[in-house]
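See structure below.
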Amino acid sequence: MPDKNNKSVTLSVRKLRKSFGPVEVLHGIDLTLRGGEVHAILGENGAGKSTLVKILSGFEQLSGGELHISDGSGSSERIDVWNNAIAEQAGVVLIHQEFNLAEQLTVAENIFLGNEIRGRVFLDKKTMRTKAQEYLDILRSDIDPDASVDQLPVSAKQMVEIAKAQAKQARVLVLDEPTAVLTQQESQVLFELIDRFRQEGVAIVFISHKLDEIEQIADVITVLRDGELVGSYPATELSKDDMARLMVGRELSSLFPQMPKVPNAAEVVLRVSDLLLQGNSTPSSFELRRGEILGFSGLVGSGRTALMETVLGLRRPAKGNVGNVELRGERVDFKQLSAARNKGVAYLTKDRKGSGLLLEKGLIFNFSLFSLHKISRFLIDTKLEEIAFEKAIGTFDIRMKDRSIAAGNLSGGNQQKLLLAKILEAEPSIIIIDEPTRGIDIGTKSQIYHFIAELVASGHSLILISSDITEVIGLSHRVAVMYHGEISGVLESDEIEEHEIMRYATGLKSKHSHNNEVEQSGTSNAKA
Amino acid sequence: MPKLDLKTAGPFIALVVVFIIGVLVNDAFLSSGNLSNILARSSFIGIVAIGATFVITAGGIDLSVGSMAAFISGCMILLMNALMDTIDSMVVIIILAIIASAGIGAVAGLINGLLTTKAKIEAFIVTLGTMGIYRSLVTYMADGGTLSLNFTIGDVYSEVYYGVFLGLPYPVWVFLGVAVIGYVLLNMTVFGRHCFAVGSNESVARYSAINVDRVKTATYMLQGVCVSIATIIYVPRLGSASGQTGILWELEAIAAVIIGGTVLKGGYGRIGGTVVGALILTLIGNILNLTDAVSNYLNGAVQGIIVIVAVYLQRGAWRRD
């Protein structure tokens with residue numbers, strides 16, 4: 001069928017390198033995307049997947065290497081200038097993890113955004129609306145083309161993104177963790193769509209952390225590790241175990257330090273009972289014991305951060321909340337983060353650049369910002385400040401060219417260590433850490449895991465929110481899993497296993513019906 | 001060898017240049033009478049600008065200061081005239097008026113602060129609104145004319161503006177005192193650090209356990225108190241208040257802050273620079289008065305050029321970093 005051949009395209013990169021400033025994050029990647037194939041890209045967080053797809057779709061420039069495109073006729077062309085506009089011209093469409101929709105516009109307007117159909121002078125709204133309806137019909141979606149996008153649920157927004165890709169006549173469709181925000185059923189609908197695109201000769205790039213999904217949908221699997229290409233394999237040749245092994249490239253045990261056990265009689269230091277979050281109908285309860293790491297797993301947007309921020313006073317609970325928070329048996333109601341800090345509770349934000357550090361300010365300024373009360377009466381004692389900073393540089397192995405640089409000029413890993421140092425300088429006894437190793441190289445990751453182990457060994461208690469499931473499994477004594485704003489289960493010892501966590505995270509399983517049992521078992525042995 | 005830091009040294013170099021121009025233009029410039037006059041005049045804008053330095057460093061803006069000064073002047077005059085009948089001691093009346101002035105300034109700042117933080121309206125809009133309100137109120141209080149201070153009190157109170165200590169007029173000492181306190185507060189205390197942090201990135205400030213709303217509100221209150229202090233030394237100068245009092249003070253204060261190197265979008269502020277900025281603005285007006293080469297009516301134009309050049313140089317300095 002000549003029609004479909006015309007639509008198919010091959011996009012390949014050779015020896016692709018990418019640097020941000022002095023740091024090279026992709027070290028010579030070879031990759032070939034063919035029309036009619038679903039190409040999964042697999043790798044740990046920070047392996048370079050997102051950077052790679054941003055380059056493929058023209059949002060980032062290549063620092064080195066070549067990019068070739070060939071259409072159905074078979075002739076291959078080396079592309080010298082590659083940017084977003086040229087990529088779109090070639091039919092490469094990226095669907096971001098965070099969607100790229102104009103929230104205030106309608107579905108139809110979004111589908112044709114930047115691609116509008118015009119009459120003689122004005123926009124031809126009628127045709128656009130009809131066409132949008134056609135695209136949505138093809139997707140078997142019942143979304144109203146006149147609905148405002150900000151009113152739509154997440155899965156519908158994704159549908160709009162895909163309809164938009166159709167309107168642009170995508171020939172290479174790049175999906176960056178498309179299922180992270182979808183339920184199991186919604187994911188299945190997406191897979192049917194992907195299958196249809198594949199049959200039409202579209203090249204599909206599929207990024208996911210969920211190995212089941214990759215096994216189900218991929219034709220070719222490319223594995224990245226720490227910015228290096230591990231290899232590209234036909235999907236039929238790899239089992240899920242193979243995928244995990246290639247992705248991690250080492251035994252997991254060496255990455256995670258030995259965690260001390262939690263004594264049976266360890267007191268409950270933080271008890272959250274029936275706390276009702278904004279926009280939720282089911283209250284949340286959990287407890288944290290002294291010396292324990294309580295992992296919080298769940299999909300992006302499942303409410304883990306919202307729950308912790310509500311406990312800490314960074315958000316208000318829902319109206320009519322009757323639940324409460326107890327700190328070492330004493331009831332507390334934090335209205336400000338400073339109140340939590342003064343009671344020895346600290347929070348390490350997941351948004352290092354947006355909420356963690358003042359990127360244009362110096363290192364000392366950032367370091368002491370959370371603990372200034374410790375070193376000042378009326379005036380700040382800058383001598384004490386410097387001594388504490390010097391000590392922290394040593395303890396946390398923060399590496400820098402010189403002391404006077406701005407925090408934004410540190411590498412990501414060193415920024416994260418500085419942020420950790422900043423939080424711990426306030427000497428909290430309960431530490432809530434949110435995505436502590438996101439976008440960080442493997443060496444620093446391991447360092448941070450060891451800091452965490454030392455903290456619990458010295459009697460601190462930790463809550464670890466992480467989307468990196470191996471991290472949660474490797475570090476936590478118990479794992480609470482959240483689904484749609486509520487805690488669907490708290491797993492212990494043998495239950496802590498990737499598939500079981502995913503079942504709770506996707507809503508397939510829930511311990512809600514026997515909540516009491518979970519609470520009672522809170523005093524039993526923790527995982528070794 | 002430390003490099004010459006344009007960002008830090010720039011305003012001081014500009015001050016020296018303007019000063020030299022003054023010396024070259026007219027012999028009368030260097031007379032002690034003229035110099036102390038320059039210092040005394042710059043103290044009004046200077047004191048207001050020190051308050052503005054806090055507001056701007058914390059990422060806000062206050063356009064209401066000129067109107068607020070006129071309103072507080074009017075209130076002080078009405079209060080003092082009214083107290084004439086009940087209290088005999090002029091000094092007591094003046095002290096009561098000063099206390100009232102500080103209170104009104106603080107409350108006016110509190111209102112600006114609460115409207116920006118609690119009602120979440122942009123500072124530009126809030127203070128544009130209160131600017132109109134205070135200006136209108138003082139015009140109403142004066143019934144469209146001028147409020148005049150009773151001469152008997154005026155005679156006693158005028159000492160505050162015209163009095164001299166160690167060869168310098170009192171307003172200069174007040175300016176110096178406010179500047180030193182402002183410097184210590186901004187650079188050496190937790191509050192100052194918090195101002196920098198809030199202006200730099202509110203979200204980071206919030207996650208660093210800083211009460212962002214309280215810090216911002218405090219900067220507006222501080223601004224209000226600074227306006228009140230400037231008013232306290234300004235009222236005895238003319239002994240009157242009208243709808244024309246304090247016109248364009250807000251722009252001069254903001255100009256002084258910006259010339260001094262404080263960043264308009266917040267996160268970085270310099271009290272020393274602000275003092276220099278206020279001096280430069282007053283010097284320019286003074287020099288134009290002393291020369292025929294440029295018309296005095298072009299004072300605003302020259303000030304405008306200086307502000308634009310100052311910001312241009314600032315940007316250049318940013319880019320090099």
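Labeling convention for the structure tokens: chains A, B, ... as they appear, residues from 1 per chain, ligands from 1 in order of appearance.
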Mind dumping a table of every chain B residue within 10 Å of chain A, with the nearest atom pair and its distance in Å to one decimal, using only C-alpha atoms, sorted by chain and rising number, as a Markdown table?
```
| residue | atom | partner | partner_atom | distance |
| --- | --- | --- | --- | --- |
| B:Val184 | CA | A:Leu379 | CA | 8.3 |
| B:Leu185 | CA | A:Leu379 | CA | 8.4 |
| B:Asn187 | CA | A:Ile380 | CA | 9.1 |
| B:Met188 | CA | A:Leu379 | CA | 5.5 |
| B:Thr189 | CA | A:Leu379 | CA | 4.7 |
| B:Val190 | CA | A:Leu372 | CA | 6.5 |
| B:Phe191 | CA | A:Phe378 | CA | 9.3 |
| B:Gly192 | CA | A:Leu379 | CA | 9.9 |
| B:Arg193 | CA | A:Leu369 | CA | 7.8 |
| B:His194 | CA | A:Leu369 | CA | 8.0 |
| B:Phe196 | CA | A:Lys361 | CA | 9.3 |
| B:Ala197 | CA | A:Leu358 | CA | 7.4 |
| B:Val198 | CA | A:Leu358 | CA | 9.8 |
| B:Ser200 | CA | A:Leu358 | CA | 6.8 |
| B:Asn201 | CA | A:Leu358 | CA | 6.6 |
| B:Glu202 | CA | A:Ser355 | CA | 8.2 |
| B:Ser203 | CA | A:Ser355 | CA | 5.0 |
| B:Val204 | CA | A:Ser355 | CA | 3.9 |
| B:Ala205 | CA | A:Ser355 | CA | 7.6 |
| B:Arg206 | CA | A:Leu337 | CA | 7.5 |
| B:Tyr207 | CA | A:Ser355 | CA | 6.2 |
| B:Ser208 | CA | A:Phe370 | CA | 4.8 |
| B:Ala209 | CA | A:Ser338 | CA | 4.3 |
| B:Ile210 | CA | A:Ser338 | CA | 6.5 |
| B:Asn211 | CA | A:Gln336 | CA | 7.1 |
| B:Val212 | CA | A:Gln336 | CA | 9.9 |
| B:Gly267 | CA | A:Lys361 | CA | 8.8 |
| B:Tyr268 | CA | A:Lys361 | CA | 9.4 |
| B:Asp321 | CA | A:Ala406 | CA | 9.8 |
```
Problem - Within 6 Å of stretch 51-64 of chain B using only C-alpha atoms, minus same-chain residues under 5 positions, as a PyMOL selection string - result: chain B and resi 123+127-128+130-131+195-196+198-199+219+222-223+226+250+257+265-269
Practice task
For A:Met259, work out the shell of residues within 8 Å, counting only C-alpha atoms and skipping chain neighbours fewer than 2 positions away, then give it as a list in words.
Solution key: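 Near neighbours after the sequence-gap exclusion: Pro257, Lys261, Ala453, Ala457, Leu475 and Ala528 of chain A.
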Would you save the residues of that selection, restricted to N, CA and C atoms, as a short mmCIF file (atom, residue, chain, number, x, y, z; two decimals), in the first residue's frame?
```
data_model
loop_
_atom_site.label_atom_id
_atom_site.label_comp_id
_atom_site.auth_asym_id
_atom_site.auth_seq_id
_atom_site.Cartn_x
_atom_site.Cartn_y
_atom_site.Cartn_z
N PRO A 257 22.96 0.11 51.24
CA PRO A 257 23.67 -0.30 52.45
C PRO A 257 22.78 -1.21 53.30
N LYS A 261 17.95 -2.99 61.84
CA LYS A 261 16.56 -3.39 62.11
C LYS A 261 15.91 -2.39 63.05
N ALA A 453 21.15 5.60 55.59
CA ALA A 453 21.38 4.49 56.51
C ALA A 453 21.98 4.98 57.83
N ALA A 457 20.42 4.73 61.63
CA ALA A 457 21.25 4.05 62.62
C ALA A 457 21.42 4.91 63.86
N LEU A 475 15.52 0.34 50.48
CA LEU A 475 15.78 1.12 51.69
C LEU A 475 14.74 0.94 52.80
N ALA A 528 13.93 -7.13 57.70
CA ALA A 528 15.36 -7.10 58.01
C ALA A 528 16.11 -6.37 56.93
#
```
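We find atom CA of A:Leu193 and atom CA of A:Gln166 to be spaced 11.3 Å apart.
Using only C-alpha atoms, the nearest neighbour of B:Thr231 within the list B:Thr245, B:Thr282, B:Thr217, B:Ser32 is B:Thr245.
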Practice task
Have a look at A:Leu33, A:Leu11, A:Ile217, A:Ala505 and name the one nearest to A:Ile69; count only C-alpha atoms.
Solution key: A:Leu11
Handout entry: Test item: residues at most 12 Å from A:His499, only C-alpha atoms, excluding those fewer than 2 positions along its chain, as a list in words
Key =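 Once the adjacent positions are removed, what remains is Lys210, Leu211, Asp212, Lys240, Ile469, Thr470, Ile473, Leu491, Asp494, Glu495, Ile496, Glu497, Ile501, Met502, Arg503, Tyr504, Ala505, Thr506, Leu508 and Lys509 of chain A.
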Handout entry: All helix (DSSP H, G or I) residues (DSSP, backbone) inside stretch 165-222 of chain B, as a ChimeraX atom specification
Key = /B:170-188,190-200,202-207,212-222
Practice task
Find the residues near B:Val160: any atom within 7 Å, counting only C-alpha atoms, skip ones fewer than 6 places away on the same chain, and give them as a ChimeraX atom specification.
Solution key: /B:170,233,236
Go ahead and dump the residues you just picked, N, CA and C atoms, as an mmCIF file, in the first residue's frame.
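The new file selection.cif reads:
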```cif
data_model
loop_
_atom_site.group_PDB
_atom_site.id
_atom_site.type_symbol
_atom_site.label_atom_id
_atom_site.label_comp_id
_atom_site.auth_asym_id
_atom_site.auth_seq_id
_atom_site.Cartn_x
_atom_site.Cartn_y
_atom_site.Cartn_z
ATOM 1 N N TYR B 170 19.787 68.217 61.692
ATOM 2 C CA TYR B 170 19.189 67.013 62.282
ATOM 3 C C TYR B 170 18.723 65.982 61.246
ATOM 4 N N ILE B 233 10.279 64.689 59.809
ATOM 5 C CA ILE B 233 11.258 65.766 59.606
ATOM 6 C C ILE B 233 10.864 66.690 58.451
ATOM 7 N N PRO B 236 7.985 70.059 59.649
ATOM 8 C CA PRO B 236 8.473 71.347 60.147
ATOM 9 C C PRO B 236 9.150 72.196 59.076
#
```
Problem - Test item: residues at most 7 Å from A:His39, only C-alpha atoms, excluding those fewer than 6 positions along its chain, as a PyMOL selection string - result: chain A and resi 33+204-206+218-221
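For B:Leu39, the list of residues within 10 Å, based on only C-alpha atoms and with local chain neighbours fewer than 6 positions off taken out, reads Gly46, Leu168, Pro169, Pro171, Val172, Trp173, Phe175, Ala278, Leu279, Thr282 and Leu283 of chain B.
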Handout entry: Straight-line distance linking atom CA of B:Gly272 with atom CA of B:Ile306, stated in Å to one decimal
Key =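 A separation of 17.7 Å between them.
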Practice task
Would you mind writing down, as an NGL selection string, each residue of stretch 432-478 of chain A that DSSP on the backbone assigns to strand (DSSP E or B)?
Solution key: :A and (432-434 or 461-465 or 478)
Practice task
Go through B:Ile45, B:Ala9, B:Ile229, B:Ala142 and flag the residue nearest B:Arg270, using only C-alpha atoms for the distances.
Solution key: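 That would be B:Ala9, the residue with the smallest distance to B:Arg270.
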Practice task
Could you tell me which of A:Glu186, A:Asp176, A:Glu134, A:Asp397 comes closest to A:Met159 if we count only C-alpha atoms?
Solution key: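 Closest residue, counting only C-alpha atoms: A:Glu186.
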Exercise for the section: Could you please determine the separation between atom CA of B:Ala82 and atom CA of B:Gly144 in Å, to one decimal place? Expected result: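 These atoms are spaced 19.5 Å apart.
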Handout entry: Residue nearest A:Gln416 - candidates A:Arg17, A:Arg196, A:Arg328, A:Lys445, atoms counted: only C-alpha atoms
Key =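 Checking each candidate against A:Gln416, we get A:Lys445 as the closest.
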